[in-house]
>>> print(open('model.cif').read())   # mmCIF, C-alpha atoms and all ligand atoms
data_query
#
loop_
_atom_site.group_PDB
_atom_site.id
_atom_site.type_symbol
_atom_site.label_atom_id
_atom_site.label_comp_id
_atom_site.auth_asym_id
_atom_site.auth_seq_id
_atom_site.Cartn_x
_atom_site.Cartn_y
_atom_site.Cartn_z
ATOM 1 C CA MET A 104 3.743 -8.327 -80.948
ATOM 2 C CA ARG A 105 4.246 -9.588 -84.485
ATOM 3 C CA ILE A 106 7.372 -8.530 -86.377
ATOM 4 C CA ASP A 107 7.814 -9.149 -90.107
ATOM 5 C CA VAL A 108 11.084 -8.560 -91.907
ATOM 6 C CA LEU A 109 11.226 -8.307 -95.712
ATOM 7 C CA THR A 110 14.738 -9.138 -96.818
ATOM 8 C CA LEU A 111 16.759 -10.850 -99.525
ATOM 9 C CA PHE A 112 18.934 -12.358 -96.762
ATOM 10 C CA PRO A 113 16.554 -14.026 -94.296
ATOM 11 C CA GLU A 114 19.283 -16.303 -92.922
ATOM 12 C CA MET A 115 21.278 -13.256 -91.809
ATOM 13 C CA VAL A 116 18.318 -11.849 -89.899
ATOM 14 C CA ASP A 117 17.217 -15.211 -88.513
ATOM 15 C CA ALA A 118 20.577 -15.858 -86.857
ATOM 16 C CA VAL A 119 20.183 -12.770 -84.685
ATOM 17 C CA LEU A 120 16.481 -13.260 -83.938
ATOM 18 C CA GLN A 121 17.198 -16.790 -82.646
ATOM 19 C CA SER A 122 19.835 -15.630 -80.195
ATOM 20 C CA SER A 123 19.879 -14.337 -76.654
ATOM 21 C CA ILE A 124 17.033 -12.117 -75.403
ATOM 22 C CA LEU A 125 15.384 -11.840 -78.840
ATOM 23 C CA GLY A 126 15.215 -15.647 -79.103
ATOM 24 C CA LYS A 127 14.021 -16.028 -75.505
ATOM 25 C CA ALA A 128 11.292 -13.438 -76.021
ATOM 26 C CA ARG A 129 9.965 -15.553 -78.856
ATOM 27 C CA GLU A 130 10.141 -18.740 -76.772
ATOM 28 C CA LYS A 131 8.188 -16.987 -74.022
ATOM 29 C CA GLY A 132 5.470 -16.057 -76.550
ATOM 30 C CA ILE A 133 6.064 -12.313 -76.161
ATOM 31 C CA VAL A 134 6.874 -11.781 -79.842
ATOM 32 C CA GLU A 135 6.561 -13.621 -83.172
ATOM 33 C CA TYR A 136 9.079 -13.132 -85.985
ATOM 34 C CA HIS A 137 8.220 -13.789 -89.633
ATOM 35 C CA LEU A 138 10.826 -13.481 -92.373
ATOM 36 C CA THR A 139 9.841 -12.973 -96.009
ATOM 37 C CA ASN A 140 12.226 -13.121 -98.913
ATOM 38 C CA PHE A 141 10.638 -10.593 -101.222
ATOM 39 C CA ARG A 142 12.326 -12.258 -104.191
ATOM 40 C CA ASP A 143 9.459 -14.759 -103.848
ATOM 41 C CA PHE A 144 7.160 -11.882 -104.839
ATOM 42 C CA SER A 145 9.183 -10.663 -107.823
ATOM 43 C CA GLY A 146 6.366 -11.578 -110.226
ATOM 44 C CA ASN A 147 8.876 -12.620 -112.919
ATOM 45 C CA LYS A 148 10.527 -15.957 -113.594
ATOM 46 C CA HIS A 149 14.045 -14.599 -113.099
ATOM 47 C CA GLY A 150 13.286 -13.433 -109.586
ATOM 48 C CA GLN A 151 14.377 -9.930 -110.499
ATOM 49 C CA VAL A 152 13.718 -7.394 -107.728
ATOM 50 C CA ASP A 153 15.800 -4.427 -108.926
ATOM 51 C CA ASP A 154 16.311 -2.506 -112.137
ATOM 52 C CA THR A 155 18.311 0.382 -113.577
ATOM 53 C CA PRO A 156 17.110 3.899 -112.731
ATOM 54 C CA TYR A 157 14.975 5.874 -115.175
ATOM 55 C CA GLY A 158 17.027 8.837 -116.352
ATOM 56 C CA GLY A 159 20.241 6.828 -116.303
ATOM 57 C CA GLY A 160 23.123 6.859 -113.875
ATOM 58 C CA GLY A 161 24.734 4.082 -111.893
ATOM 59 C CA GLY A 162 23.364 1.686 -109.348
ATOM 60 C CA MET A 163 20.188 -0.304 -109.165
ATOM 61 C CA VAL A 164 16.803 0.590 -107.734
ATOM 62 C CA LEU A 165 14.443 -1.766 -105.893
ATOM 63 C CA LYS A 166 11.308 -2.287 -107.954
ATOM 64 C CA PRO A 167 7.967 -1.475 -106.376
ATOM 65 C CA GLU A 168 6.042 -4.684 -107.279
ATOM 66 C CA PRO A 169 7.893 -7.201 -105.068
ATOM 67 C CA ILE A 170 7.768 -4.932 -102.027
ATOM 68 C CA PHE A 171 4.100 -3.954 -102.444
ATOM 69 C CA SER A 172 3.085 -7.580 -103.108
ATOM 70 C CA ALA A 173 5.009 -8.959 -100.136
ATOM 71 C CA VAL A 174 3.597 -6.352 -97.736
ATOM 72 C CA GLU A 175 0.049 -6.825 -99.056
ATOM 73 C CA HIS A 176 0.383 -10.600 -98.719
ATOM 74 C CA ILE A 177 1.396 -10.196 -95.060
ATOM 75 C CA VAL A 178 -1.285 -7.638 -94.252
ATOM 76 C CA ASP A 179 -4.044 -9.688 -95.960
ATOM 77 C CA GLY A 180 -2.867 -12.861 -94.223
ATOM 78 C CA THR A 181 -2.792 -11.382 -90.731
ATOM 79 C CA GLY A 182 -5.771 -9.030 -91.017
ATOM 80 C CA SER A 183 -3.673 -6.375 -89.258
ATOM 81 C CA ARG A 184 -5.598 -3.125 -89.257
ATOM 82 C CA SER A 185 -2.780 -0.628 -88.916
ATOM 83 C CA PRO A 186 0.662 -2.204 -88.999
ATOM 84 C CA ARG A 187 3.659 0.126 -88.984
ATOM 85 C CA ILE A 188 5.435 -0.394 -92.285
ATOM 86 C CA ILE A 189 8.994 0.732 -91.738
ATOM 87 C CA LEU A 190 11.558 1.422 -94.432
ATOM 88 C CA MET A 191 15.185 1.241 -93.270
ATOM 89 C CA THR A 192 17.126 4.015 -94.986
ATOM 90 C CA PRO A 193 19.899 6.493 -94.145
ATOM 91 C CA GLN A 194 17.437 9.196 -95.289
ATOM 92 C CA GLY A 195 14.937 8.271 -92.550
ATOM 93 C CA ASP A 196 14.098 9.853 -89.205
ATOM 94 C CA PRO A 197 17.008 9.506 -86.777
ATOM 95 C CA TYR A 198 16.238 6.680 -84.367
ATOM 96 C CA ASN A 199 16.288 7.100 -80.590
ATOM 97 C CA GLN A 200 14.939 5.635 -77.352
ATOM 98 C CA SER A 201 11.651 7.529 -77.383
ATOM 99 C CA LYS A 202 10.941 6.123 -80.856
ATOM 100 C CA ALA A 203 11.724 2.644 -79.509
ATOM 101 C CA GLU A 204 9.198 3.210 -76.727
ATOM 102 C CA ARG A 205 6.530 4.270 -79.194
ATOM 103 C CA LEU A 206 7.140 1.264 -81.444
ATOM 104 C CA ALA A 207 6.974 -1.034 -78.400
ATOM 105 C CA GLU A 208 3.290 -0.037 -78.019
ATOM 106 C CA GLU A 209 2.400 -1.400 -81.474
ATOM 107 C CA GLU A 210 0.970 -4.828 -82.305
ATOM 108 C CA HIS A 211 2.546 -5.332 -85.705
ATOM 109 C CA LEU A 212 5.767 -3.990 -87.227
ATOM 110 C CA ILE A 213 6.844 -4.702 -90.804
ATOM 111 C CA PHE A 214 10.460 -3.852 -91.705
ATOM 112 C CA ILE A 215 11.617 -3.422 -95.298
ATOM 113 C CA CYS A 216 15.351 -3.973 -95.834
ATOM 114 C CA GLY A 217 16.968 -3.011 -99.130
ATOM 115 C CA HIS A 218 20.467 -3.769 -100.427
ATOM 116 C CA TYR A 219 20.634 -1.472 -103.405
ATOM 117 C CA GLU A 220 21.245 2.130 -104.300
ATOM 118 C CA GLY A 221 17.703 3.001 -103.471
ATOM 119 C CA TYR A 222 14.019 2.244 -103.384
ATOM 120 C CA ASP A 223 11.547 3.218 -106.090
ATOM 121 C CA GLU A 224 10.023 6.428 -104.737
ATOM 122 C CA ARG A 225 6.477 4.996 -104.916
ATOM 123 C CA ILE A 226 7.369 2.630 -102.083
ATOM 124 C CA ARG A 227 8.136 5.666 -99.929
ATOM 125 C CA GLU A 228 5.114 7.643 -101.042
ATOM 126 C CA HIS A 229 2.379 5.031 -101.101
ATOM 127 C CA LEU A 230 3.318 2.081 -98.900
ATOM 128 C CA VAL A 231 5.419 2.863 -95.863
ATOM 129 C CA THR A 232 4.309 4.587 -92.663
ATOM 130 C CA ASP A 233 7.813 5.290 -91.297
ATOM 131 C CA GLU A 234 11.345 5.737 -92.582
ATOM 132 C CA ILE A 235 14.071 5.136 -90.025
ATOM 133 C CA SER A 236 17.821 5.774 -90.052
ATOM 134 C CA ILE A 237 20.008 4.404 -87.266
ATOM 135 C CA GLY A 238 22.716 7.008 -87.835
ATOM 136 C CA ASP A 239 24.560 9.205 -90.280
ATOM 137 C CA TYR A 240 26.538 6.493 -91.999
ATOM 138 C CA VAL A 241 25.730 4.156 -94.861
ATOM 139 C CA LEU A 242 25.559 0.393 -94.411
ATOM 140 C CA THR A 243 25.420 -2.204 -97.165
ATOM 141 C CA GLY A 244 21.808 -3.032 -96.389
ATOM 142 C CA GLY A 245 18.847 -2.473 -94.109
ATOM 143 C CA GLU A 246 19.142 -5.776 -92.212
ATOM 144 C CA LEU A 247 21.522 -4.627 -89.488
ATOM 145 C CA PRO A 248 19.571 -1.379 -88.970
ATOM 146 C CA ALA A 249 16.278 -3.325 -88.760
ATOM 147 C CA LEU A 250 17.847 -5.654 -86.181
ATOM 148 C CA VAL A 251 19.042 -2.679 -84.163
ATOM 149 C CA VAL A 252 15.492 -1.328 -84.053
ATOM 150 C CA ILE A 253 13.972 -4.764 -83.310
ATOM 151 C CA ASP A 254 16.427 -5.353 -80.477
ATOM 152 C CA SER A 255 15.692 -1.989 -78.879
ATOM 153 C CA VAL A 256 11.916 -2.573 -79.136
ATOM 154 C CA VAL A 257 11.719 -6.222 -78.026
ATOM 155 C CA ARG A 258 13.745 -5.614 -74.867
ATOM 156 C CA LEU A 259 11.060 -3.093 -73.830
ATOM 157 C CA LEU A 260 8.192 -5.603 -74.138
ATOM 158 C CA PRO A 261 6.920 -6.692 -70.715
ATOM 159 C CA GLY A 262 8.652 -9.909 -69.628
ATOM 160 C CA ALA A 263 11.396 -9.820 -72.281
ATOM 161 C CA LEU A 264 14.160 -8.904 -69.839
ATOM 162 C CA GLY A 265 14.609 -11.070 -66.785
ATOM 163 C CA ASN A 266 14.964 -8.028 -64.606
ATOM 164 C CA GLU A 267 12.082 -5.604 -65.254
ATOM 165 C CA GLN A 268 13.937 -2.873 -63.441
ATOM 166 C CA SER A 269 16.790 -2.713 -65.902
ATOM 167 C CA ALA A 270 14.749 -1.629 -68.951
ATOM 168 C CA ARG A 271 13.371 1.264 -66.969
ATOM 169 C CA THR A 272 16.580 2.538 -65.399
ATOM 170 C CA ASP A 273 18.842 2.142 -68.437
ATOM 171 C CA SER A 274 20.521 5.039 -70.153
ATOM 172 C CA PHE A 275 18.044 7.271 -72.017
ATOM 173 C CA GLN A 276 14.990 5.731 -70.401
ATOM 174 C CA ASN A 277 14.662 8.864 -68.247
ATOM 175 C CA GLY A 278 16.392 11.074 -70.811
ATOM 176 C CA LEU A 279 19.754 10.870 -68.997
ATOM 177 C CA LEU A 280 22.785 8.643 -69.364
ATOM 178 C CA GLU A 281 23.059 6.008 -66.685
ATOM 179 C CA HIS A 282 25.144 6.513 -63.537
ATOM 180 C CA PRO A 283 28.341 4.436 -63.037
ATOM 181 C CA HIS A 284 28.016 0.888 -61.664
ATOM 182 C CA TYR A 285 30.344 -1.057 -59.379
ATOM 183 C CA THR A 286 30.439 -4.606 -58.083
ATOM 184 C CA ARG A 287 32.749 -6.588 -55.777
ATOM 185 C CA PRO A 288 35.548 -6.215 -54.808
ATOM 186 C CA ALA A 289 35.222 -2.907 -52.924
ATOM 187 C CA GLU A 290 38.866 -2.262 -53.708
ATOM 188 C CA PHE A 291 40.526 -3.379 -56.943
ATOM 189 C CA ARG A 292 44.198 -2.560 -57.582
ATOM 190 C CA GLY A 293 43.900 0.304 -55.158
ATOM 191 C CA TRP A 294 40.786 1.769 -56.820
ATOM 192 C CA GLN A 295 37.935 2.179 -54.354
ATOM 193 C CA VAL A 296 34.204 1.927 -54.849
ATOM 194 C CA PRO A 297 32.614 5.231 -53.694
ATOM 195 C CA ASP A 298 31.832 5.025 -49.969
ATOM 196 C CA VAL A 299 28.213 6.014 -50.367
ATOM 197 C CA LEU A 300 27.486 2.823 -52.319
ATOM 198 C CA LEU A 301 28.755 0.717 -49.420
ATOM 199 C CA SER A 302 26.845 2.728 -46.820
ATOM 200 C CA GLY A 303 23.482 0.967 -47.135
ATOM 201 C CA HIS A 304 21.816 4.409 -46.964
ATOM 202 C CA HIS A 305 19.256 4.140 -49.763
ATOM 203 C CA GLU A 306 18.338 7.799 -49.985
ATOM 204 C CA ASN A 307 21.949 8.922 -50.230
ATOM 205 C CA ILE A 308 22.613 6.247 -52.807
ATOM 206 C CA GLU A 309 19.682 7.417 -54.942
ATOM 207 C CA THR A 310 20.871 11.037 -54.730
ATOM 208 C CA TRP A 311 24.413 10.003 -55.671
ATOM 209 C CA ARG A 312 23.130 8.018 -58.635
ATOM 210 C CA LEU A 313 20.997 10.872 -59.879
ATOM 211 C CA LYS A 314 23.885 13.314 -59.535
ATOM 212 C CA GLU A 315 26.333 11.039 -61.338
ATOM 213 C CA SER A 316 23.752 10.440 -64.035
ATOM 214 C CA LEU A 317 23.501 14.212 -64.485
ATOM 215 C CA ARG A 318 27.306 14.524 -64.469
ATOM 216 C CA ARG A 319 27.737 11.883 -67.127
ATOM 217 C CA THR A 320 25.070 13.445 -69.317
ATOM 218 C CA TYR A 321 26.519 16.943 -68.777
ATOM 219 C CA LEU A 322 30.017 15.797 -69.738
ATOM 220 C CA ARG A 323 29.199 13.425 -72.568
ATOM 221 C CA ARG A 324 25.838 14.470 -74.001
ATOM 222 C CA PRO A 325 25.020 18.070 -73.045
ATOM 223 C CA ASP A 326 22.620 18.107 -76.027
ATOM 224 C CA LEU A 327 20.315 15.731 -74.109
ATOM 225 C CA LEU A 328 20.151 18.050 -71.090
ATOM 226 C CA LYS A 329 19.103 20.971 -73.264
ATOM 227 C CA GLU A 330 15.965 19.112 -74.344
ATOM 228 C CA MET A 331 14.955 18.164 -70.784
ATOM 229 C CA GLU A 332 12.896 19.890 -68.161
ATOM 230 C CA LEU A 333 14.742 19.274 -64.911
ATOM 231 C CA THR A 334 12.992 19.222 -61.538
ATOM 232 C CA GLU A 335 14.272 21.669 -58.948
ATOM 233 C CA PRO A 336 16.314 19.063 -57.033
ATOM 234 C CA MET A 337 17.861 17.958 -60.316
ATOM 235 C CA GLN A 338 18.764 21.545 -61.211
ATOM 236 C CA LYS A 339 20.480 21.915 -57.834
ATOM 237 C CA LEU A 340 22.473 18.735 -58.346
ATOM 238 C CA LEU A 341 23.431 19.851 -61.834
ATOM 239 C CA GLU A 342 24.692 23.178 -60.473
ATOM 240 C CA GLU A 343 26.857 21.241 -57.984
ATOM 241 C CA VAL A 344 28.180 19.105 -60.829
ATOM 242 C CA LYS A 345 29.051 22.158 -62.918
ATOM 243 C CA LYS A 346 30.899 23.768 -60.008
ATOM 244 C CA GLU A 347 32.817 20.548 -59.290
ATOM 245 C CA GLU A 348 33.728 20.090 -62.924
ATOM 246 C CA LYS A 349 35.024 23.665 -63.172
ATOM 247 C CA GLN A 350 37.333 22.985 -60.233
ATOM 248 C CA ASN A 351 38.699 19.782 -61.798
HETATM 249 N N1 LIG B 1 20.524 1.335 -94.740
HETATM 250 C C1 LIG B 1 21.802 1.653 -95.017
HETATM 251 N N2 LIG B 1 22.306 2.495 -94.103
HETATM 252 C C2 LIG B 1 21.314 2.711 -93.193
HETATM 253 C C3 LIG B 1 21.216 3.481 -92.005
HETATM 254 N N3 LIG B 1 22.225 4.232 -91.548
HETATM 255 N N4 LIG B 1 20.043 3.460 -91.324
HETATM 256 C C4 LIG B 1 19.011 2.732 -91.782
HETATM 257 N N5 LIG B 1 19.042 1.981 -92.892
HETATM 258 C C5 LIG B 1 20.180 1.970 -93.600
#
>>> encode(input="model.cif", output="structure tokens", more="lines below")
Ligand code: ADE
Amino acid sequence: MRIDVLTLFPEMVDAVLQSSILGKAREKGIVEYHLTNFRDFSGNKHGQVDDTPYGGGGGMVLKPEPIFSAVEHIVDGTGSRSPRIILMTPQGDPYNQSKAERLAEEEHLIFICGHYEGYDERIREHLVTDEISIGDYVLTGGELPALVVIDSVVRLLPGALGNEQSARTDSFQNGLLEHPHYTRPAEFRGWQVPDVLLSGHHENIETWRLKESLRRTYLRRPDLLKEMELTEPMQKLLEEVKKEEKQN
């Protein structure tokens, strides 16, 4: 996968892409990162990339030329046929795990990160393929949101995580929150690890994990359960959970 990030603060993005799993994925040849400072494409000698809004009012608006030119330069240079061109904005589609999975299938992602009041509308209408928001709050720029998306996508690429299992069983990967985890010691300050986990009985352990995954989702994110089609065994476990929770 090739990932391009258009930003006025490449050093901020680079620091994260060099680190930990994102950095290792690059070293392993699973992903390439390319950072472009779109000020280099301003087309004017002052390097101006923003301007005041037509119609007046406060704030500055990102001009279309630098963004279009930078994206076109990348697309022409790579010969990518259908890159996803992603605008980071609080007005975008809410991001989630299934969107991460879809993006992980792509060959080329181009992220556009702004730091101003807004983007000239022609960028939205005529250049980008996706607009993504990472949540209903406003950040000072698109860099952190782009890194959130990149992190969630790169960890899904085959070979990026040491342990292949963990990407698949993580929270959300099956639509549910993950079950609780325990490690040694079996007793800590009087608090015991559930017996079933020490039993060595794999089937019982799997059933316990599924049930606790359902419990956690039921208690913390009932909205996720509403969107899911549960198998019959899962429905039974969920009924048990509901009964138990009523008693508590
Ligand atoms: N830029 C500023 N805030 C943002 C958000 N919540 N999501 C995506 N991009 C943003």
>>> residues_around(input="model.cif", residues="stretch 186-193 of chain A", least_positions_apart="5", cutoff="6 Å", atoms="only C-alpha atoms", output="ChimeraX atom specification")
/A:211-216,231-236,245
>>> residues_around(input="model.cif", residues="A:Gly278", least_positions_apart="6", cutoff="10 Å", atoms="all atoms listed in the file", output="JSON, numbers by chain")
{"A": [200, 201, 320, 327, 328, 330, 331, 332]}
>>> residues_near_ligand(input="model.cif", ligand="ligand LIG 1 (chain B)", cutoff="10 Å", atoms="all atoms listed in the file", output="number ranges by chain")
A: 190-198, 215-221, 234-249, 251-252
>>> resolve_selection(input="model.cif", expression="the PyMOL selection byres (((chain A and resi 299) around 10) and not hetatm)", output="NGL selection string")
:A and (296-298 or 300-305 or 307-312)
>>> residues_around(input="model.cif", residues="A:Ile253", least_positions_apart="2", cutoff="9 Å", atoms="all atoms listed in the file", output="ChimeraX atom specification")
/A:106,120,125,203,248-251,255-258
>>> write_last_selection(input="model.cif", atoms="C-alpha atoms", output="mmCIF file, in the coordinates of the input")
data_model
loop_
_atom_site.group_PDB
_atom_site.id
_atom_site.type_symbol
_atom_site.label_atom_id
_atom_site.label_comp_id
_atom_site.auth_asym_id
_atom_site.auth_seq_id
_atom_site.Cartn_x
_atom_site.Cartn_y
_atom_site.Cartn_z
ATOM 1 C CA ILE A 106 7.372 -8.530 -86.377
ATOM 2 C CA LEU A 120 16.481 -13.260 -83.938
ATOM 3 C CA LEU A 125 15.384 -11.840 -78.840
ATOM 4 C CA ALA A 203 11.724 2.644 -79.509
ATOM 5 C CA PRO A 248 19.571 -1.379 -88.970
ATOM 6 C CA ALA A 249 16.278 -3.325 -88.760
ATOM 7 C CA LEU A 250 17.847 -5.654 -86.181
ATOM 8 C CA VAL A 251 19.042 -2.679 -84.163
ATOM 9 C CA SER A 255 15.692 -1.989 -78.879
ATOM 10 C CA VAL A 256 11.916 -2.573 -79.136
ATOM 11 C CA VAL A 257 11.719 -6.222 -78.026
ATOM 12 C CA ARG A 258 13.745 -5.614 -74.867
#
>>> resolve_selection(input="model.cif", expression="the PyMOL selection byres (((chain A and resi 135) around 9) and not hetatm)", output="MDAnalysis selection string")
chainID A and resid 104:107 128:130 132:134 136:137
>>> residues_around(input="model.cif", residues="stretch 335-351 of chain A", least_positions_apart="6", cutoff="9 Å", atoms="all atoms listed in the file", output="PyMOL selection string")
chain A and resi 310+313-315+317-318+321-322
>>> atom_distance(input="model.cif", atom1="atom CA of A:Leu279", atom2="atom CA of A:Ser316")
6.4 Å
>>> decode(input="model.cif", residues="stretch 305-332 of chain A", atoms="N, CA and C atoms", output="compact mmCIF listing (two decimals), in the first residue's frame")
# COMPACT_ATOMS: atom_id res chain seq x y z
N HIS A 305 -10.95 -25.78 26.25
CA HIS A 305 -10.99 -24.74 25.22
C HIS A 305 -12.40 -24.33 24.81
N GLU A 306 -13.29 -25.32 24.75
CA GLU A 306 -14.66 -25.00 24.33
C GLU A 306 -15.34 -24.08 25.36
N ASN A 307 -15.18 -24.45 26.63
CA ASN A 307 -15.79 -23.61 27.68
C ASN A 307 -15.19 -22.21 27.69
N ILE A 308 -13.90 -22.15 27.42
CA ILE A 308 -13.24 -20.84 27.40
C ILE A 308 -13.79 -20.00 26.26
N GLU A 309 -13.96 -20.61 25.09
CA GLU A 309 -14.51 -19.86 23.94
C GLU A 309 -15.92 -19.36 24.23
N THR A 310 -16.73 -20.23 24.87
CA THR A 310 -18.11 -19.82 25.19
C THR A 310 -18.10 -18.68 26.20
N TRP A 311 -17.23 -18.78 27.20
CA TRP A 311 -17.12 -17.71 28.20
C TRP A 311 -16.72 -16.40 27.54
N ARG A 312 -15.75 -16.49 26.65
CA ARG A 312 -15.28 -15.26 25.97
C ARG A 312 -16.38 -14.62 25.14
N LEU A 313 -17.10 -15.45 24.42
CA LEU A 313 -18.19 -14.93 23.59
C LEU A 313 -19.25 -14.26 24.48
N LYS A 314 -19.58 -14.94 25.58
CA LYS A 314 -20.61 -14.39 26.47
C LYS A 314 -20.16 -13.07 27.09
N GLU A 315 -18.90 -13.01 27.50
CA GLU A 315 -18.42 -11.78 28.14
C GLU A 315 -18.27 -10.65 27.12
N SER A 316 -18.00 -11.05 25.88
CA SER A 316 -17.95 -10.07 24.80
C SER A 316 -19.34 -9.49 24.58
N LEU A 317 -20.34 -10.35 24.60
CA LEU A 317 -21.74 -9.90 24.47
C LEU A 317 -22.12 -9.03 25.66
N ARG A 318 -21.70 -9.43 26.87
CA ARG A 318 -22.05 -8.66 28.07
C ARG A 318 -21.47 -7.24 27.97
N ARG A 319 -20.21 -7.19 27.61
CA ARG A 319 -19.53 -5.90 27.55
C ARG A 319 -20.21 -4.99 26.52
N THR A 320 -20.56 -5.58 25.39
CA THR A 320 -21.20 -4.79 24.33
C THR A 320 -22.59 -4.36 24.79
N TYR A 321 -23.31 -5.27 25.42
CA TYR A 321 -24.66 -4.97 25.93
C TYR A 321 -24.62 -3.82 26.94
N LEU A 322 -23.62 -3.86 27.84
CA LEU A 322 -23.56 -2.85 28.89
C LEU A 322 -23.00 -1.52 28.40
N ARG A 323 -22.01 -1.60 27.51
CA ARG A 323 -21.33 -0.35 27.14
C ARG A 323 -21.77 0.23 25.81
N ARG A 324 -22.10 -0.65 24.85
CA ARG A 324 -22.44 -0.17 23.51
C ARG A 324 -23.64 -0.92 22.94
N PRO A 325 -24.80 -0.80 23.61
CA PRO A 325 -25.99 -1.50 23.11
C PRO A 325 -26.34 -1.11 21.67
N ASP A 326 -25.91 0.08 21.24
CA ASP A 326 -26.17 0.51 19.86
C ASP A 326 -25.52 -0.45 18.85
N LEU A 327 -24.37 -1.04 19.22
CA LEU A 327 -23.70 -1.97 18.29
C LEU A 327 -24.52 -3.25 18.13
N LEU A 328 -25.11 -3.71 19.23
CA LEU A 328 -25.88 -4.97 19.18
C LEU A 328 -27.11 -4.81 18.29
N LYS A 329 -27.69 -3.62 18.30
CA LYS A 329 -28.90 -3.40 17.51
C LYS A 329 -28.64 -3.58 16.02
N GLU A 330 -27.42 -3.25 15.59
CA GLU A 330 -27.09 -3.34 14.16
C GLU A 330 -26.70 -4.75 13.73
N MET A 331 -26.55 -5.67 14.71
CA MET A 331 -25.98 -6.99 14.38
C MET A 331 -27.04 -8.06 14.23
N GLU A 332 -26.73 -9.04 13.37
CA GLU A 332 -27.58 -10.22 13.34
C GLU A 332 -26.88 -11.30 14.14
